[in-house]
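> One structure, pasted below without further comment.
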Amino acid sequence: MNKFMLAPSFKEIWELIKDPKFIIAYVTVMVLLMLFTVIAAMINEKRFDNLTLRLNESADKAEEQSQKEASASRFEMLKALDEQKATYVEKPFVEDFTLAEFCAGFRNFAAGKLGLYYDIKTIREFISGVAVSHFIILQGMSGTGKTSLAFAFGEFLENPSTIIPVQPMWKERSDLLGYYNEFTKSFNQTPLLQKMYEANMRKDIYITILDELNIARVEYYFAEFLSLMEIPDPELRRLEIVSDKWDNDPEDLQNGSIMLPQNMWFLGTANNDDSTFAISDKVYDRSMIVDLEKKAEEFKAESYGTMPVTAEKFNEVVKNVIANSPFPAEVADRIAKLDEYLGEKFKISFGNRIMRQIKSYLPVYAACGGSETEALDDILAKKVLRKLEMQNLSYRRGEAEQLCKFLDELFGEGAMPRSVAAVRTMARLK
């Protein structure tokens, strides 16, 4: 049998163990193993400490984020306005003025400061419209200064107008006010929502320009605003922004709703062409209309300046004018006869809303420096005779001249030039 296949004897093993080289090698290996074990333990301990630290940091960050989310508001921009309220310093307002001075001052300011020229009748119609309604439609051909007029008014009041470019796809009030984003847990706050919130804190007159308002359907996206304006008590005119309430919501957001500011006016510019929607009768009835058909001639403003007034003071001046100007009984009688004629011949009528507007518009326009006859002619053409457009064209054409004759007989020959022109235009006779 091969001796190499035999197991080593005890003596041979003992001799090997006693060999100093073996002992040194054995000790060296054991020391290395011990060192390796210690180093491995230290590394594992460090890894564990690092993991623990990372876990702690993650937990701290999660807690910090949770606290931040708990303290953050979904209306950060409105909350910022709450913070600014404490440091707001009210500017001095003009307290003593007449409507005639107000009109002349605005016209001169627009010309002298901004190089914008408007006929005094246009300014009177505009200011009288602002006095009667919080919703004004400025309509006419492009380039006649519709947006510029609304912009200039904000500058004159020392409170710049907010321009809202209407978009063709707008269909609901969220397009104007914004919406809650479930992903970011915040409300997408539009410039209009911010201005409405700010206006409720201040006394200034606020002007919001709905630029090209009929590029989308006004009765869709602006419907709730129009309805709220009809409520007699301004305190009840509230728009729901969100359906719930959070503890950290802005101060003036009550149960998720905001008040439609009493000191905010909406001025819509409208182009009547093939690229826009026709404005419905409902919208026209609730608004005041200013036609800008051509550019006015330039003139030199001798002196001009701003005239910041509070909404409360402006409304007070208007109320005093109306209260001290009883509506003439003979004018009321003539309007009633016109209403009867239009109902009999054209099956159209105008209700209490337009009658209230007429009763306010005439004395205010006169206080602005015009005449009540001019005012009546203007408002009848825009608010009443405009309804003839709903009639059949061939019928309108056949009855137009008889209606013009009736207007001359009722109000005096040549007293109603705008109304007569409106009838002939709608009958395609002019």
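So you can find residues: chains in the structure tokens are A, B, ... in the order shown, residues in each start at 1, and ligands are numbered from 1 in order.
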Compile the contact shell of Pro261 (chain A) as JSON, numbers by chain: residues with an atom at most 8 Å away, counting only C-alpha atoms, same-chain residues fewer than 6 positions apart removed.
{"A": [196, 199, 200]}
> So that I can see what lies close to Ala110 (chain A), please list as a PyMOL selection string the residues with an atom at most 9 Å from it, counting only C-alpha atoms and leaving out residues fewer than 2 positions away in the same chain.
chain A and resi 105-108+112-118+149+152-153+155-156+301+304
> With N, CA and C atoms retained, export the selected residues as a PDB file, in the first residue's frame.

ATOM      1  N   GLY A 105     -62.522 115.984 -14.754  1.00  0.00           N
ATOM      2  CA  GLY A 105     -61.203 115.611 -14.257  1.00  0.00           C
ATOM      3  C   GLY A 105     -60.689 114.336 -14.916  1.00  0.00           C
ATOM      4  N   PHE A 106     -61.561 113.343 -15.088  1.00  0.00           N
ATOM      5  CA  PHE A 106     -61.148 112.082 -15.722  1.00  0.00           C
ATOM      6  C   PHE A 106     -60.781 112.302 -17.187  1.00  0.00           C
ATOM      7  N   ARG A 107     -61.582 113.074 -17.902  1.00  0.00           N
ATOM      8  CA  ARG A 107     -61.304 113.324 -19.324  1.00  0.00           C
ATOM      9  C   ARG A 107     -59.970 114.041 -19.499  1.00  0.00           C
ATOM     10  N   ASN A 108     -59.713 115.061 -18.677  1.00  0.00           N
ATOM     11  CA  ASN A 108     -58.450 115.793 -18.776  1.00  0.00           C
ATOM     12  C   ASN A 108     -57.262 114.929 -18.377  1.00  0.00           C
ATOM     13  N   GLY A 112     -54.236 114.435 -20.816  1.00  0.00           N
ATOM     14  CA  GLY A 112     -52.963 115.042 -20.436  1.00  0.00           C
ATOM     15  C   GLY A 112     -51.918 114.049 -19.975  1.00  0.00           C
ATOM     16  N   LYS A 113     -52.306 113.046 -19.221  1.00  0.00           N
ATOM     17  CA  LYS A 113     -51.349 112.099 -18.654  1.00  0.00           C
ATOM     18  C   LYS A 113     -51.084 110.913 -19.570  1.00  0.00           C
ATOM     19  N   LEU A 114     -52.130 110.411 -20.219  1.00  0.00           N
ATOM     20  CA  LEU A 114     -52.002 109.168 -20.975  1.00  0.00           C
ATOM     21  C   LEU A 114     -52.116 109.352 -22.487  1.00  0.00           C
ATOM     22  N   GLY A 115     -52.467 110.544 -22.934  1.00  0.00           N
ATOM     23  CA  GLY A 115     -52.615 110.762 -24.378  1.00  0.00           C
ATOM     24  C   GLY A 115     -53.807 110.024 -24.957  1.00  0.00           C
ATOM     25  N   LEU A 116     -54.854 109.852 -24.150  1.00  0.00           N
ATOM     26  CA  LEU A 116     -56.078 109.177 -24.592  1.00  0.00           C
ATOM     27  C   LEU A 116     -57.192 110.212 -24.655  1.00  0.00           C
ATOM     28  N   TYR A 117     -57.852 110.298 -25.804  1.00  0.00           N
ATOM     29  CA  TYR A 117     -58.834 111.370 -26.010  1.00  0.00           C
ATOM     30  C   TYR A 117     -60.240 110.774 -26.174  1.00  0.00           C
ATOM     31  N   TYR A 118     -61.173 111.318 -25.384  1.00  0.00           N
ATOM     32  CA  TYR A 118     -62.559 110.861 -25.436  1.00  0.00           C
ATOM     33  C   TYR A 118     -63.489 112.064 -25.452  1.00  0.00           C
ATOM     34  N   LEU A 149     -59.806 103.046 -22.043  1.00  0.00           N
ATOM     35  CA  LEU A 149     -60.700 103.833 -21.197  1.00  0.00           C
ATOM     36  C   LEU A 149     -60.813 103.197 -19.808  1.00  0.00           C
ATOM     37  N   ALA A 152     -57.454 103.618 -18.026  1.00  0.00           N
ATOM     38  CA  ALA A 152     -57.235 105.004 -17.606  1.00  0.00           C
ATOM     39  C   ALA A 152     -58.045 105.330 -16.352  1.00  0.00           C
ATOM     40  N   PHE A 153     -59.221 104.727 -16.221  1.00  0.00           N
ATOM     41  CA  PHE A 153     -60.058 105.006 -15.052  1.00  0.00           C
ATOM     42  C   PHE A 153     -59.382 104.535 -13.770  1.00  0.00           C
ATOM     43  N   GLU A 155     -56.148 104.287 -13.310  1.00  0.00           N
ATOM     44  CA  GLU A 155     -55.037 105.210 -13.057  1.00  0.00           C
ATOM     45  C   GLU A 155     -55.546 106.515 -12.449  1.00  0.00           C
ATOM     46  N   PHE A 156     -56.663 107.002 -12.937  1.00  0.00           N
ATOM     47  CA  PHE A 156     -57.262 108.234 -12.418  1.00  0.00           C
ATOM     48  C   PHE A 156     -57.632 108.089 -10.943  1.00  0.00           C
ATOM     49  N   ALA A 301     -55.285 119.396 -22.623  1.00  0.00           N
ATOM     50  CA  ALA A 301     -55.775 119.446 -21.243  1.00  0.00           C
ATOM     51  C   ALA A 301     -54.980 120.511 -20.487  1.00  0.00           C
ATOM     52  N   TYR A 304     -54.501 118.751 -15.092  1.00  0.00           N
ATOM     53  CA  TYR A 304     -55.043 117.417 -14.841  1.00  0.00           C
ATOM     54  C   TYR A 304     -54.353 116.810 -13.623  1.00  0.00           C
TER      55      TYR A 304
END
> Could you give me, as a PyMOL selection string, the residues within 12 Å of Met416 (chain A), counting only C-alpha atoms and dropping anything in the same chain fewer than 2 positions from it?
chain A and resi 372-381+385+403-414+418-423
> Taking only region 164-214 of chain A into account, list the residues labelled strand (DSSP E or B) by DSSP (computed from the backbone), as a list of chain:residue names.
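Assigned to strand (DSSP E or B), within region 164-214 of chain A: A:Ile164, A:Pro165, A:Gly178, A:Tyr179, A:Tyr180, A:Asn181, A:Ser186, A:Phe187, A:Asn188, A:Gln189, A:Asp204, A:Tyr206, A:Ile207, A:Thr208, A:Ile209, A:Leu210, A:Asp211.
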> Output C-alpha atoms of each residue in that selection to a file, as a PDB file, in the first residue's frame.

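The resulting file, result.pdb, is shown below:
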ATOM      1  CA  ILE A 164     -58.323  89.650 -17.126  1.00  0.00           C
ATOM      2  CA  PRO A 165     -57.919  88.416 -20.736  1.00  0.00           C
ATOM      3  CA  GLY A 178     -59.393  79.235  -9.757  1.00  0.00           C
ATOM      4  CA  TYR A 179     -59.712  75.684  -8.431  1.00  0.00           C
ATOM      5  CA  TYR A 180     -58.424  73.342  -5.721  1.00  0.00           C
ATOM      6  CA  ASN A 181     -55.550  71.076  -6.828  1.00  0.00           C
ATOM      7  CA  SER A 186     -53.428  73.972  -2.601  1.00  0.00           C
ATOM      8  CA  PHE A 187     -55.858  76.294  -4.351  1.00  0.00           C
ATOM      9  CA  ASN A 188     -54.855  77.742  -7.693  1.00  0.00           C
ATOM     10  CA  GLN A 189     -55.483  81.401  -6.888  1.00  0.00           C
ATOM     11  CA  ASP A 204     -60.808 102.202  -2.905  1.00  0.00           C
ATOM     12  CA  TYR A 206     -61.483  98.537  -7.784  1.00  0.00           C
ATOM     13  CA  ILE A 207     -61.725  98.103 -11.553  1.00  0.00           C
ATOM     14  CA  THR A 208     -61.613  94.639 -13.154  1.00  0.00           C
ATOM     15  CA  ILE A 209     -61.373  94.578 -16.958  1.00  0.00           C
ATOM     16  CA  LEU A 210     -62.789  91.494 -18.683  1.00  0.00           C
ATOM     17  CA  ASP A 211     -60.907  92.006 -21.925  1.00  0.00           C
TER      18      ASP A 211
END
